[in-house]
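J.: PDB, C-alpha atoms, saved as input20.pdb, coming up:
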ATOM      1  CA  MET A  69     -21.337 -45.827  -0.366
ATOM      2  CA  GLU A  70     -19.827 -49.251  -0.019
ATOM      3  CA  PRO A  71     -21.229 -51.340   2.835
ATOM      4  CA  GLU A  72     -17.757 -51.838   4.338
ATOM      5  CA  ALA A  73     -17.162 -48.083   4.445
ATOM      6  CA  ALA A  74     -20.587 -47.459   5.946
ATOM      7  CA  LYS A  75     -19.839 -50.046   8.639
ATOM      8  CA  LEU A  76     -16.598 -48.371   9.639
ATOM      9  CA  ILE A  77     -18.180 -44.908   9.631
ATOM     10  CA  GLY A  78     -20.949 -46.254  11.844
ATOM     11  CA  ALA A  79     -18.406 -47.755  14.222
ATOM     12  CA  GLY A  80     -16.593 -44.422  14.347
ATOM     13  CA  LEU A  81     -19.841 -42.588  15.056
ATOM     14  CA  ALA A  82     -20.519 -45.040  17.893
ATOM     15  CA  ALA A  83     -17.290 -43.836  19.481
ATOM     16  CA  VAL A  84     -19.036 -40.475  20.039
ATOM     17  CA  GLY A  85     -21.099 -42.338  22.626
ATOM     18  CA  ALA A  86     -17.937 -43.268  24.502
ATOM     19  CA  GLY A  87     -16.974 -39.605  24.687
ATOM     20  CA  LEU A  88     -20.418 -38.651  25.942
ATOM     21  CA  ALA A  89     -20.215 -41.368  28.585
ATOM     22  CA  ALA A  90     -16.912 -39.823  29.650
ATOM     23  CA  THR A  91     -18.777 -36.552  30.212
ATOM     24  CA  GLY A  92     -21.368 -38.440  32.224
ATOM     25  CA  VAL A  93     -18.856 -40.274  34.400
ATOM     26  CA  GLY A  94     -16.920 -37.064  34.932
ATOM     27  CA  ASN A  95     -20.122 -35.333  35.932
ATOM     28  CA  VAL A  96     -20.949 -38.055  38.456
ATOM     29  CA  PHE A  97     -17.572 -37.895  40.159
ATOM     30  CA  GLY A  98     -17.293 -34.120  39.792
ATOM     31  CA  SER A  99     -20.630 -33.444  41.426
ATOM     32  CA  PHE A 100     -19.826 -35.917  44.160
ATOM     33  CA  LEU A 101     -16.499 -34.268  44.888
ATOM     34  CA  GLU A 102     -18.032 -30.814  44.793
ATOM     35  CA  SER A 103     -20.647 -31.636  47.386
ATOM     36  CA  ALA A 104     -18.306 -33.883  49.364
ATOM     37  CA  LEU A 105     -15.999 -30.934  49.902
ATOM     38  CA  ARG A 106     -18.919 -28.848  51.119
ATOM     39  CA  ASN A 107     -20.031 -31.504  53.579
ATOM     40  CA  PRO A 108     -17.258 -34.056  54.141
ATOM     41  CA  GLY A 109     -19.145 -35.666  56.995
ATOM     42  CA  ALA A 110     -21.898 -36.924  54.714
ATOM     43  CA  ALA A 111     -19.586 -38.000  51.907
ATOM     44  CA  ASP A 112     -18.738 -41.517  53.106
ATOM     45  CA  GLY A 113     -22.395 -42.462  53.444
ATOM     46  CA  GLN A 114     -23.054 -41.641  49.801
ATOM     47  CA  GLN A 115     -20.318 -43.745  48.257
ATOM     48  CA  GLY A 116     -22.711 -46.539  47.337
ATOM     49  CA  ARG A 117     -24.888 -44.076  45.412
ATOM     50  CA  LEU A 118     -21.767 -42.630  43.803
ATOM     51  CA  PHE A 119     -20.907 -46.000  42.335
ATOM     52  CA  ILE A 120     -24.476 -46.700  41.270
ATOM     53  CA  GLY A 121     -24.440 -43.436  39.336
ATOM     54  CA  PHE A 122     -21.043 -44.276  37.935
ATOM     55  CA  ALA A 123     -22.230 -47.729  36.854
ATOM     56  CA  ALA A 124     -25.330 -46.340  35.148
ATOM     57  CA  ALA A 125     -23.383 -43.658  33.276
ATOM     58  CA  GLU A 126     -20.632 -46.054  32.321
ATOM     59  CA  LEU A 127     -22.983 -48.715  31.006
ATOM     60  CA  LEU A 128     -24.231 -46.388  28.282
ATOM     61  CA  GLY A 129     -20.683 -45.734  27.127
ATOM     62  CA  LEU A 130     -19.989 -49.451  27.101
ATOM     63  CA  LEU A 131     -23.093 -49.965  24.999
ATOM     64  CA  ALA A 132     -21.587 -47.600  22.437
ATOM     65  CA  PHE A 133     -18.472 -49.769  22.464
ATOM     66  CA  VAL A 134     -20.609 -52.871  21.930
ATOM     67  CA  VAL A 135     -22.331 -51.201  18.980
ATOM     68  CA  ALA A 136     -18.942 -50.415  17.443
ATOM     69  CA  MET A 137     -17.722 -53.995  18.009
ATOM     70  CA  ILE A 138     -20.875 -55.467  16.509
ATOM     71  CA  LEU A 139     -20.548 -53.227  13.469
ATOM     72  CA  ILE A 140     -16.919 -54.176  12.899
ATOM     73  CA  PHE A 141     -16.893 -57.882  13.743
ATOM     74  CA  VAL A 142     -20.430 -59.208  13.463
ATOM     75  CA  VAL A 143     -22.448 -57.358  10.824
TER      76      VAL A 143
ATOM     77  CA  MET B 273     -10.571 -57.684   9.731
ATOM     78  CA  ALA B 274      -8.120 -60.571   9.770
ATOM     79  CA  ALA B 275      -4.749 -59.573  11.176
ATOM     80  CA  ASP B 276      -1.812 -59.444   8.811
ATOM     81  CA  ALA B 277       1.284 -61.497   9.553
ATOM     82  CA  GLY B 278       3.559 -59.827  12.085
ATOM     83  CA  LYS B 279       0.792 -57.586  13.419
ATOM     84  CA  VAL B 280      -0.613 -57.753  16.916
ATOM     85  CA  ASP B 281      -4.172 -59.032  16.758
ATOM     86  CA  PRO B 282      -5.963 -57.407  19.707
ATOM     87  CA  MET B 283      -8.716 -60.031  19.641
ATOM     88  CA  LYS B 284      -6.508 -63.119  19.820
ATOM     89  CA  GLN B 285      -6.164 -62.831  23.595
ATOM     90  CA  PHE B 286      -9.847 -63.697  23.953
ATOM     91  CA  LEU B 287      -9.561 -66.960  22.054
ATOM     92  CA  VAL B 288     -10.807 -69.931  24.032
ATOM     93  CA  GLU B 289      -8.771 -72.981  23.081
ATOM     94  CA  PRO B 290      -8.402 -76.460  24.526
ATOM     95  CA  LEU B 291      -5.302 -76.893  26.685
ATOM     96  CA  PHE B 292      -5.485 -80.649  26.755
ATOM     97  CA  GLY B 293      -8.062 -82.850  25.219
ATOM     98  CA  SER B 294      -9.180 -81.727  21.806
ATOM     99  CA  GLU B 295     -12.173 -80.238  20.130
ATOM    100  CA  THR B 296     -13.393 -83.729  19.294
ATOM    101  CA  TRP B 297     -14.059 -84.443  22.971
ATOM    102  CA  GLU B 298     -17.729 -83.809  23.295
ATOM    103  CA  ILE B 299     -20.898 -84.857  25.036
ATOM    104  CA  ALA B 300     -24.129 -84.379  23.115
ATOM    105  CA  GLY B 301     -22.465 -81.906  20.794
ATOM    106  CA  TYR B 302     -20.910 -79.773  23.524
ATOM    107  CA  GLY B 303     -17.121 -79.644  23.730
ATOM    108  CA  ILE B 304     -15.797 -80.754  27.123
ATOM    109  CA  ALA B 305     -12.086 -80.238  26.496
ATOM    110  CA  PHE B 306     -10.235 -78.452  29.303
ATOM    111  CA  THR B 307      -9.814 -74.926  27.927
ATOM    112  CA  ASN B 308      -7.567 -72.052  28.965
ATOM    113  CA  SER B 309     -10.705 -70.351  30.291
ATOM    114  CA  ALA B 310     -11.394 -73.300  32.586
ATOM    115  CA  ALA B 311      -7.740 -73.418  33.622
ATOM    116  CA  TRP B 312      -7.768 -69.764  34.685
ATOM    117  CA  MET B 313     -11.007 -70.259  36.589
ATOM    118  CA  ALA B 314      -9.389 -73.149  38.420
ATOM    119  CA  ILE B 315      -6.319 -71.016  39.194
ATOM    120  CA  THR B 316      -8.576 -68.232  40.449
ATOM    121  CA  VAL B 317     -10.481 -70.573  42.735
ATOM    122  CA  VAL B 318      -7.295 -72.144  44.106
ATOM    123  CA  LEU B 319      -5.715 -68.742  44.822
ATOM    124  CA  LEU B 320      -8.927 -67.412  46.342
ATOM    125  CA  TRP B 321      -9.228 -70.491  48.520
ATOM    126  CA  ALA B 322      -5.604 -70.169  49.629
ATOM    127  CA  PHE B 323      -6.061 -66.462  50.365
ATOM    128  CA  VAL B 324      -9.162 -66.921  52.484
ATOM    129  CA  PHE B 325      -7.926 -70.120  54.139
ATOM    130  CA  GLY B 326      -4.702 -68.393  55.206
ATOM    131  CA  GLY B 327      -6.782 -65.795  57.059
ATOM    132  CA  MET B 328      -9.102 -68.192  58.876
ATOM    133  CA  LYS B 329      -6.888 -68.923  61.866
ATOM    134  CA  ARG B 330      -9.236 -66.839  64.051
ATOM    135  CA  GLU B 331      -6.516 -65.484  66.273
ATOM    136  CA  LEU B 332      -7.516 -63.007  68.949
ATOM    137  CA  VAL B 333      -4.870 -60.566  67.748
ATOM    138  CA  PRO B 334      -5.073 -60.844  63.970
ATOM    139  CA  GLY B 335      -1.887 -61.021  61.932
ATOM    140  CA  ARG B 336      -1.458 -59.238  58.623
ATOM    141  CA  TRP B 337      -2.975 -62.003  56.562
ATOM    142  CA  GLN B 338      -6.037 -62.398  58.759
ATOM    143  CA  MET B 339      -6.391 -58.619  58.757
ATOM    144  CA  ALA B 340      -6.386 -58.574  54.953
ATOM    145  CA  VAL B 341      -9.095 -61.223  54.693
ATOM    146  CA  GLU B 342     -11.178 -59.624  57.433
ATOM    147  CA  THR B 343     -10.961 -56.270  55.669
ATOM    148  CA  PHE B 344     -12.641 -57.832  52.649
ATOM    149  CA  THR B 345     -15.312 -59.693  54.616
ATOM    150  CA  GLY B 346     -15.948 -56.596  56.715
ATOM    151  CA  PHE B 347     -16.215 -54.473  53.585
ATOM    152  CA  ILE B 348     -18.839 -56.745  52.031
ATOM    153  CA  ASP B 349     -20.627 -57.088  55.371
ATOM    154  CA  ASP B 350     -20.865 -53.302  55.712
ATOM    155  CA  MET B 351     -22.144 -53.006  52.155
ATOM    156  CA  LEU B 352     -24.890 -55.561  52.795
ATOM    157  CA  GLU B 353     -25.777 -53.941  56.114
ATOM    158  CA  ALA B 354     -26.109 -50.549  54.418
ATOM    159  CA  ASN B 355     -28.095 -51.769  51.410
ATOM    160  CA  ILE B 356     -30.251 -54.615  52.709
ATOM    161  CA  GLY B 357     -30.235 -54.179  56.479
ATOM    162  CA  LYS B 358     -29.998 -56.989  58.993
ATOM    163  CA  GLU B 359     -31.516 -59.520  56.597
ATOM    164  CA  GLY B 360     -28.488 -58.947  54.375
ATOM    165  CA  ARG B 361     -26.312 -61.116  56.615
ATOM    166  CA  LYS B 362     -27.461 -64.368  55.050
ATOM    167  CA  TYR B 363     -26.344 -63.266  51.594
ATOM    168  CA  LEU B 364     -22.806 -62.572  52.800
ATOM    169  CA  PRO B 365     -21.363 -65.919  51.592
ATOM    170  CA  TYR B 366     -22.755 -65.440  48.085
ATOM    171  CA  ILE B 367     -21.866 -61.771  47.662
ATOM    172  CA  PHE B 368     -18.433 -62.282  49.176
ATOM    173  CA  SER B 369     -17.651 -65.221  46.869
ATOM    174  CA  LEU B 370     -18.987 -63.283  43.897
ATOM    175  CA  PHE B 371     -16.955 -60.176  44.692
ATOM    176  CA  MET B 372     -13.724 -62.022  45.416
ATOM    177  CA  PHE B 373     -14.074 -64.339  42.412
ATOM    178  CA  ILE B 374     -14.575 -61.428  40.017
ATOM    179  CA  LEU B 375     -11.872 -59.346  41.692
ATOM    180  CA  PHE B 376      -9.312 -62.164  41.553
ATOM    181  CA  ALA B 377     -10.264 -63.015  37.971
ATOM    182  CA  ASN B 378      -9.902 -59.392  36.850
ATOM    183  CA  LEU B 379      -6.579 -58.937  38.597
ATOM    184  CA  LEU B 380      -5.171 -62.286  37.457
ATOM    185  CA  GLY B 381      -5.981 -61.358  33.879
ATOM    186  CA  LEU B 382      -3.751 -58.295  34.290
ATOM    187  CA  MET B 383      -0.806 -60.235  35.691
ATOM    188  CA  PRO B 384       2.256 -60.072  33.419
ATOM    189  CA  VAL B 385       2.542 -63.851  33.155
ATOM    190  CA  GLY B 386       3.129 -63.446  29.418
ATOM    191  CA  ILE B 387       6.847 -62.962  30.117
ATOM    192  CA  ILE B 388       7.041 -66.728  30.710
ATOM    193  CA  PRO B 389       7.222 -68.235  27.201
ATOM    194  CA  GLY B 390       4.141 -70.155  26.186
ATOM    195  CA  VAL B 391       1.983 -68.824  29.039
ATOM    196  CA  HIS B 392      -0.796 -66.403  28.184
ATOM    197  CA  ALA B 393      -2.887 -64.543  30.698
ATOM    198  CA  PHE B 394      -6.566 -65.070  30.035
ATOM    199  CA  THR B 395      -9.274 -62.896  31.552
ATOM    200  CA  PHE B 396     -12.338 -65.090  31.632
ATOM    201  CA  THR B 397     -14.460 -62.181  32.916
ATOM    202  CA  SER B 398     -14.020 -60.685  29.435
ATOM    203  CA  HIS B 399     -16.388 -63.341  28.098
ATOM    204  CA  PHE B 400     -20.114 -62.805  28.017
ATOM    205  CA  THR B 401     -20.802 -66.483  28.738
ATOM    206  CA  VAL B 402     -18.954 -66.275  32.066
ATOM    207  CA  THR B 403     -20.321 -62.928  33.234
ATOM    208  CA  GLY B 404     -23.724 -63.937  31.878
ATOM    209  CA  VAL B 405     -23.789 -67.018  34.095
ATOM    210  CA  LEU B 406     -22.778 -64.927  37.111
ATOM    211  CA  ALA B 407     -25.507 -62.392  36.312
ATOM    212  CA  VAL B 408     -28.123 -65.104  35.818
ATOM    213  CA  LEU B 409     -27.069 -66.569  39.173
ATOM    214  CA  SER B 410     -27.677 -63.213  40.877
ATOM    215  CA  PHE B 411     -30.932 -62.690  39.000
ATOM    216  CA  SER B 412     -32.243 -66.138  39.937
ATOM    217  CA  ILE B 413     -31.485 -65.464  43.592
ATOM    218  CA  VAL B 414     -33.523 -62.253  43.310
ATOM    219  CA  LEU B 415     -36.429 -64.104  41.678
ATOM    220  CA  ILE B 416     -36.321 -67.055  44.098
ATOM    221  CA  VAL B 417     -36.062 -64.848  47.194
ATOM    222  CA  GLY B 418     -38.746 -62.503  45.882
ATOM    223  CA  PHE B 419     -41.310 -65.164  45.091
ATOM    224  CA  TRP B 420     -40.413 -67.237  48.162
ATOM    225  CA  LYS B 421     -40.907 -64.335  50.562
ATOM    226  CA  HIS B 422     -43.726 -62.393  48.957
ATOM    227  CA  GLY B 423     -45.431 -64.817  46.586
ATOM    228  CA  PHE B 424     -47.388 -62.997  43.918
ATOM    229  CA  LYS B 425     -47.099 -59.781  45.914
ATOM    230  CA  PHE B 426     -43.607 -59.639  44.382
ATOM    231  CA  PHE B 427     -45.233 -58.184  41.275
ATOM    232  CA  SER B 428     -46.003 -55.020  43.259
ATOM    233  CA  LEU B 429     -42.329 -54.273  42.586
ATOM    234  CA  PHE B 430     -43.485 -53.060  39.196
ATOM    235  CA  VAL B 431     -45.884 -50.503  40.682
ATOM    236  CA  PRO B 432     -43.944 -47.945  42.725
ATOM    237  CA  HIS B 433     -45.707 -46.192  45.592
ATOM    238  CA  GLY B 434     -47.729 -43.174  44.586
ATOM    239  CA  THR B 435     -48.159 -44.092  40.933
ATOM    240  CA  PRO B 436     -51.108 -42.025  39.653
ATOM    241  CA  ILE B 437     -53.931 -44.233  38.459
ATOM    242  CA  TRP B 438     -53.910 -42.717  34.972
ATOM    243  CA  LEU B 439     -50.296 -43.827  34.524
ATOM    244  CA  MET B 440     -50.984 -47.453  35.447
ATOM    245  CA  TRP B 441     -50.769 -48.496  31.818
ATOM    246  CA  LEU B 442     -47.231 -47.106  31.416
ATOM    247  CA  ILE B 443     -45.242 -47.327  34.666
ATOM    248  CA  PRO B 444     -45.495 -51.120  35.189
ATOM    249  CA  VAL B 445     -44.317 -51.685  31.625
ATOM    250  CA  ILE B 446     -41.275 -49.464  32.107
ATOM    251  CA  GLU B 447     -40.528 -51.057  35.479
ATOM    252  CA  LEU B 448     -40.876 -54.534  33.972
ATOM    253  CA  ILE B 449     -38.447 -53.684  31.173
ATOM    254  CA  SER B 450     -35.947 -52.156  33.574
ATOM    255  CA  PHE B 451     -36.271 -55.273  35.729
ATOM    256  CA  MET B 452     -35.803 -57.735  32.891
ATOM    257  CA  VAL B 453     -32.815 -55.816  31.527
ATOM    258  CA  ARG B 454     -30.928 -56.148  34.817
ATOM    259  CA  PRO B 455     -29.114 -59.443  34.161
ATOM    260  CA  PHE B 456     -28.009 -58.184  30.745
ATOM    261  CA  SER B 457     -26.719 -54.860  32.023
ATOM    262  CA  LEU B 458     -25.006 -56.616  34.919
ATOM    263  CA  ALA B 459     -23.221 -59.084  32.651
ATOM    264  CA  LEU B 460     -22.567 -56.611  29.847
ATOM    265  CA  ARG B 461     -20.943 -54.031  32.112
ATOM    266  CA  LEU B 462     -18.328 -56.402  33.504
ATOM    267  CA  PHE B 463     -17.650 -58.118  30.188
ATOM    268  CA  VAL B 464     -17.281 -54.960  28.108
ATOM    269  CA  ALA B 465     -15.269 -53.076  30.722
ATOM    270  CA  MET B 466     -12.788 -55.936  30.897
ATOM    271  CA  MET B 467     -12.682 -56.482  27.157
ATOM    272  CA  ALA B 468     -12.309 -52.779  26.285
ATOM    273  CA  GLY B 469      -9.367 -52.366  28.647
ATOM    274  CA  HIS B 470      -7.550 -55.403  27.323
ATOM    275  CA  VAL B 471      -8.144 -54.460  23.680
ATOM    276  CA  LEU B 472      -6.828 -50.974  24.418
ATOM    277  CA  LEU B 473      -3.669 -52.379  25.992
ATOM    278  CA  LYS B 474      -3.055 -54.690  23.030
ATOM    279  CA  VAL B 475      -3.645 -51.886  20.500
ATOM    280  CA  LEU B 476      -1.142 -49.690  22.335
ATOM    281  CA  SER B 477       1.332 -52.567  22.462
ATOM    282  CA  SER B 478       1.005 -52.935  18.691
ATOM    283  CA  PHE B 479       1.842 -49.196  18.390
ATOM    284  CA  VAL B 480       5.000 -49.793  20.415
ATOM    285  CA  ILE B 481       6.091 -52.854  18.433
ATOM    286  CA  ASP B 482       5.334 -51.419  15.001
ATOM    287  CA  SER B 483       6.944 -48.048  15.714
ATOM    288  CA  ILE B 484      10.154 -49.654  16.994
ATOM    289  CA  ASN B 485      10.238 -51.845  13.887
ATOM    290  CA  GLY B 486       9.855 -48.647  11.865
ATOM    291  CA  GLY B 487      13.204 -47.283  13.070
ATOM    292  CA  ALA B 488      14.705 -45.239  15.881
ATOM    293  CA  VAL B 489      12.898 -41.986  15.049
ATOM    294  CA  PHE B 490       9.454 -43.566  15.027
ATOM    295  CA  GLY B 491      10.372 -45.602  18.079
ATOM    296  CA  ALA B 492      11.265 -42.473  20.036
ATOM    297  CA  LEU B 493       8.364 -40.368  18.739
ATOM    298  CA  ILE B 494       5.566 -42.911  18.981
ATOM    299  CA  GLY B 495       6.870 -45.928  20.870
ATOM    300  CA  ILE B 496       7.941 -44.205  24.073
ATOM    301  CA  PRO B 497       4.735 -42.139  24.571
ATOM    302  CA  SER B 498       2.669 -45.248  23.799
ATOM    303  CA  LEU B 499       4.597 -47.296  26.333
ATOM    304  CA  THR B 500       4.129 -44.559  28.950
ATOM    305  CA  LEU B 501       0.430 -44.520  28.176
ATOM    306  CA  MET B 502       0.329 -48.334  28.486
ATOM    307  CA  VAL B 503       1.784 -48.152  31.979
ATOM    308  CA  ALA B 504      -0.779 -45.509  32.953
ATOM    309  CA  ILE B 505      -3.636 -47.496  31.396
ATOM    310  CA  SER B 506      -2.452 -50.612  33.243
ATOM    311  CA  ALA B 507      -2.762 -48.712  36.512
ATOM    312  CA  LEU B 508      -6.215 -47.536  35.437
ATOM    313  CA  GLU B 509      -7.125 -51.148  34.601
ATOM    314  CA  ILE B 510      -6.252 -52.255  38.131
ATOM    315  CA  LEU B 511      -8.635 -49.569  39.386
ATOM    316  CA  VAL B 512     -11.306 -50.694  36.907
ATOM    317  CA  ALA B 513     -10.833 -54.324  37.986
ATOM    318  CA  GLY B 514     -11.647 -53.343  41.559
ATOM    319  CA  ILE B 515     -14.493 -50.998  40.659
ATOM    320  CA  GLN B 516     -16.195 -53.489  38.360
ATOM    321  CA  ALA B 517     -16.058 -56.244  40.981
ATOM    322  CA  TYR B 518     -17.451 -53.785  43.527
ATOM    323  CA  VAL B 519     -20.187 -52.559  41.187
ATOM    324  CA  PHE B 520     -21.249 -56.115  40.385
ATOM    325  CA  ALA B 521     -21.511 -56.969  44.083
ATOM    326  CA  LEU B 522     -23.188 -53.639  44.892
ATOM    327  CA  LEU B 523     -25.856 -53.959  42.195
ATOM    328  CA  THR B 524     -26.501 -57.583  43.156
ATOM    329  CA  SER B 525     -27.069 -56.501  46.747
ATOM    330  CA  LEU B 526     -29.393 -53.702  45.597
ATOM    331  CA  TYR B 527     -31.432 -56.147  43.525
ATOM    332  CA  ILE B 528     -31.611 -58.552  46.456
ATOM    333  CA  ASN B 529     -32.785 -55.627  48.581
ATOM    334  CA  ASP B 530     -35.644 -55.127  46.105
ATOM    335  CA  ALA B 531     -36.567 -58.783  46.489
ATOM    336  CA  GLU B 532     -36.350 -58.668  50.296
ATOM    337  CA  HIS B 533     -38.247 -55.450  50.889
ATOM    338  CA  LEU B 534     -40.058 -54.743  47.631
ATOM    339  CA  HIS B 535     -40.161 -50.970  47.235
TER     340      HIS B 535
END
Kindly transcribe the structure held in the file into structure tokens.

T.:
Amino acid sequence: MEPEAAKLIGAGLAAVGAGLAATGVGNVFGSFLESALRNPGAADGQQGRLFIGFAAAELLGLLAFVVAMILIFVV
Amino acid sequence: MAADAGKVDPMKQFLVEPLFGSETWEIAGYGIAFTNSAAWMAITVVLLWAFVFGGMKRELVPGRWQMAVETFTGFIDDMLEANIGKEGRKYLPYIFSLFMFILFANLLGLMPVGIIPGVHAFTFTSHFTVTGVLAVLSFSIVLIVGFWKHGFKFFSLFVPHGTPIWLMWLIPVIELISFMVRPFSLALRLFVAMMAGHVLLKVLSSFVIDSINGGAVFGALIGIPSLTLMVAISALEILVAGIQAYVFALLTSLYINDAEHLH
């Protein structure tokens, strides 16, 4: 395989990570909403934790994006 | 990956170029020309200053403007109260400036100033150097506060309560790595989130332009859905701009909480 082709395939494979991060972020907000509807009184107090979970899940997706960018523009 | 002539290059918007002065202006090898990045930072600071100053009249019955500013200060104050406790008060000026600076920068980068010929919006938070400096600033505050308050006891941060003795060789190493990675993750999150959104918008805009150039059929089939998507993504980007500023401030306050209270 030519190196250029391998680079682009690698960048495309890194995009799988973005999709998985979407699952993660959806899971964070979905679970929050699910339990917030069960107990709306406690929901507001947990918003900080909601965003911490969101940030952690999102970071991994962004790392996949960085990998793709590095493969395309740097390597 | 050089862009062909007539194509939209999604990376060109991130180019830092001197506005006045030239690249030959330098001190000890570092360029000091006034760049578009610096110009947008200056605009951000001026607007932020004007916004906050307009709300500092301290009237007994607040007007709309004062209400808007106090909503932001109250929001950050509540966040610090919830995450750090009463010691969090003294970090309010830093966290508030940080939050508002990032928020204004993110939102200004989304402003459609490109309709004025020759003016290009520039999101300086989409540069790792800028977010990196902000993250290092937060991280140094954590280190300084931690060592100032607790001295060498600060290292007990790396040994959580109830660590079994037979895991003492592993847990501190993991905690140390997760601690040292904080400034990178903090800076990377903001920078990549901003950059990804802007690249996406430019790629979609190239779909619109190229499909319209391709004729009426392509323009209707591809251009119109792409434009609709661009509008939706722009709305999403405004949300992301707020969330990223909030997350940056929130994580900074959590890290400061670690330094204030250890575990």

J.: List the residues sitting within 12 Å of (-25.4, -35.7, 41.7) in the file's frame, using all atoms listed in the file, as a ChimeraX atom specification.

T.: /A:92-104,111,114-115,117-122,125

J.: Within 7 Å of chain A, which residues of chain B are there when counting only C-alpha atoms? Please give them as a PDB file with C-alpha atoms, in the frame of the given file.

T.:
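Heads up, here's the output in selection.pdb:
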ATOM      1  CA  ARG B 461     -20.943 -54.031  32.112  1.00  0.00           C
ATOM      2  CA  VAL B 464     -17.281 -54.960  28.108  1.00  0.00           C
ATOM      3  CA  ALA B 465     -15.269 -53.076  30.722  1.00  0.00           C
ATOM      4  CA  VAL B 519     -20.187 -52.559  41.187  1.00  0.00           C
TER       5      VAL B 519
END

J.: Which residues would end up in the selection if the PyMOL selection byres ((chain B and resi 320) around 10) were applied here, given that I need the answer as a count of residues only?

T.: 18

J.: For the file shown, report as a list in words the outcome of the PyMOL selection byres ((chain B and resi 291) around 12) at residue level.

T.: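 Output of the PyMOL selection byres ((chain B and resi 291) around 12): Leu287, Val288, Glu289, Pro290, Phe292, Gly293, Ser294, Glu295, Ile304, Ala305, Phe306, Thr307, Asn308, Ser309, Ala310, Ala311, Trp312, Gly390, Val391 and His392 of chain B.
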
J.: May I have the protein, DNA and RNA residues with an atom at most 9 Å from (-18.4, -42.1, 24.1), counting all atoms listed in the file in the file's coordinates, returned as an MDAnalysis selection string?

T.: chainID A and resid 82:91 128:130 132:133

J.: Put a box with edges along x, y and z around all the listed atoms of segment 100-110 of chain A, pad it by 3 Å on each side, then give me its centre and sizes in Å, one decimal, as AutoDock Vina command-line options.

T.:
--center_x -18.9 --center_y -32.9 --center_z 50.6 --size_x 11.9 --size_y 14.1 --size_z 18.8

J.: Near Gly360 of chain B, within 9 Å and counting all atoms listed in the file, which residues show up once chain neighbours fewer than 6 positions away are dropped, as a PDB file with C-alpha atoms, in the frame of the given file?

T.:
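Written file, out-v6.pdb:
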ATOM      1  CA  ASP B 349     -20.627 -57.088  55.371  1.00  0.00           C
ATOM      2  CA  MET B 351     -22.144 -53.006  52.155  1.00  0.00           C
ATOM      3  CA  LEU B 352     -24.890 -55.561  52.795  1.00  0.00           C
ATOM      4  CA  GLU B 353     -25.777 -53.941  56.114  1.00  0.00           C
ATOM      5  CA  ALA B 354     -26.109 -50.549  54.418  1.00  0.00           C
ATOM      6  CA  SER B 525     -27.069 -56.501  46.747  1.00  0.00           C
ATOM      7  CA  ILE B 528     -31.611 -58.552  46.456  1.00  0.00           C
ATOM      8  CA  ASN B 529     -32.785 -55.627  48.581  1.00  0.00           C
ATOM      9  CA  GLU B 532     -36.350 -58.668  50.296  1.00  0.00           C
TER      10      GLU B 532
END

J.: Between atom CA of Leu429 of chain B and atom CA of Asp112 of chain A, what is the distance in Å, rounded to a tenth?

T.: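 Distance reported for this atom pair: 28.8 Å.
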
J.: Quote the spacing between atom CA of Asn485 of chain B and atom CA of Gly469 of chain B in Å to one decimal place.

T.: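 Separation between atom CA of Asn485 of chain B and atom CA of Gly469 of chain B: 24.5 Å.
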
J.: To one decimal place in Å, what is the distance between atom CA of Ile496 of chain B and atom CA of Val480 of chain B?

T.: 7.3 Å

J.: Could you list, as a CSV table (one decimal) with C-alpha atoms, keeping the file's coordinate frame, every residue matched by the PyMOL selection byres ((chain A and resi 69-75) around 10) in this structure?

T.:
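Final file, out_26.csv:
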chain,number,residue,atom,x,y,z
A,76,LEU,CA,-16.6,-48.4,9.6
A,77,ILE,CA,-18.2,-44.9,9.6
A,78,GLY,CA,-20.9,-46.3,11.8
A,79,ALA,CA,-18.4,-47.8,14.2
A,80,GLY,CA,-16.6,-44.4,14.3
A,81,LEU,CA,-19.8,-42.6,15.1
A,136,ALA,CA,-18.9,-50.4,17.4
A,138,ILE,CA,-20.9,-55.5,16.5
A,139,LEU,CA,-20.5,-53.2,13.5
A,140,ILE,CA,-16.9,-54.2,12.9
A,141,PHE,CA,-16.9,-57.9,13.7
A,143,VAL,CA,-22.4,-57.4,10.8

J.: List as a PyMOL selection string the protein and nucleic acid residues near segment 505-512 of chain B, meaning an atom at most 10 Å away when all atoms listed in the file are counted, but skip any in the same chain fewer than 5 places from it.

T.: chain B and resi 375+378-379+382-383+462+465-466+468-470+472-473+476+499-500+517-518

J.: Missing atoms in segment 122-127 of chain A need filling: write out N, CA and C atoms for it as a PDB file, keeping the file's coordinate frame.

T.:
ATOM      1  N   PHE A 122     -22.159 -43.992  38.833  1.00  0.00           N
ATOM      2  CA  PHE A 122     -21.043 -44.276  37.935  1.00  0.00           C
ATOM      3  C   PHE A 122     -21.368 -45.455  37.029  1.00  0.00           C
ATOM      4  N   ALA A 123     -21.946 -46.519  37.627  1.00  0.00           N
ATOM      5  CA  ALA A 123     -22.230 -47.729  36.854  1.00  0.00           C
ATOM      6  C   ALA A 123     -23.253 -47.441  35.770  1.00  0.00           C
ATOM      7  N   ALA A 124     -24.286 -46.640  36.131  1.00  0.00           N
ATOM      8  CA  ALA A 124     -25.330 -46.340  35.148  1.00  0.00           C
ATOM      9  C   ALA A 124     -24.765 -45.509  34.000  1.00  0.00           C
ATOM     10  N   ALA A 125     -23.938 -44.508  34.327  1.00  0.00           N
ATOM     11  CA  ALA A 125     -23.383 -43.658  33.276  1.00  0.00           C
ATOM     12  C   ALA A 125     -22.417 -44.445  32.399  1.00  0.00           C
ATOM     13  N   GLU A 126     -21.641 -45.316  33.050  1.00  0.00           N
ATOM     14  CA  GLU A 126     -20.632 -46.054  32.321  1.00  0.00           C
ATOM     15  C   GLU A 126     -21.251 -47.065  31.372  1.00  0.00           C
ATOM     16  N   LEU A 127     -22.362 -47.669  31.824  1.00  0.00           N
ATOM     17  CA  LEU A 127     -22.983 -48.715  31.006  1.00  0.00           C
ATOM     18  C   LEU A 127     -23.331 -48.191  29.626  1.00  0.00           C
TER      19      LEU A 127
END
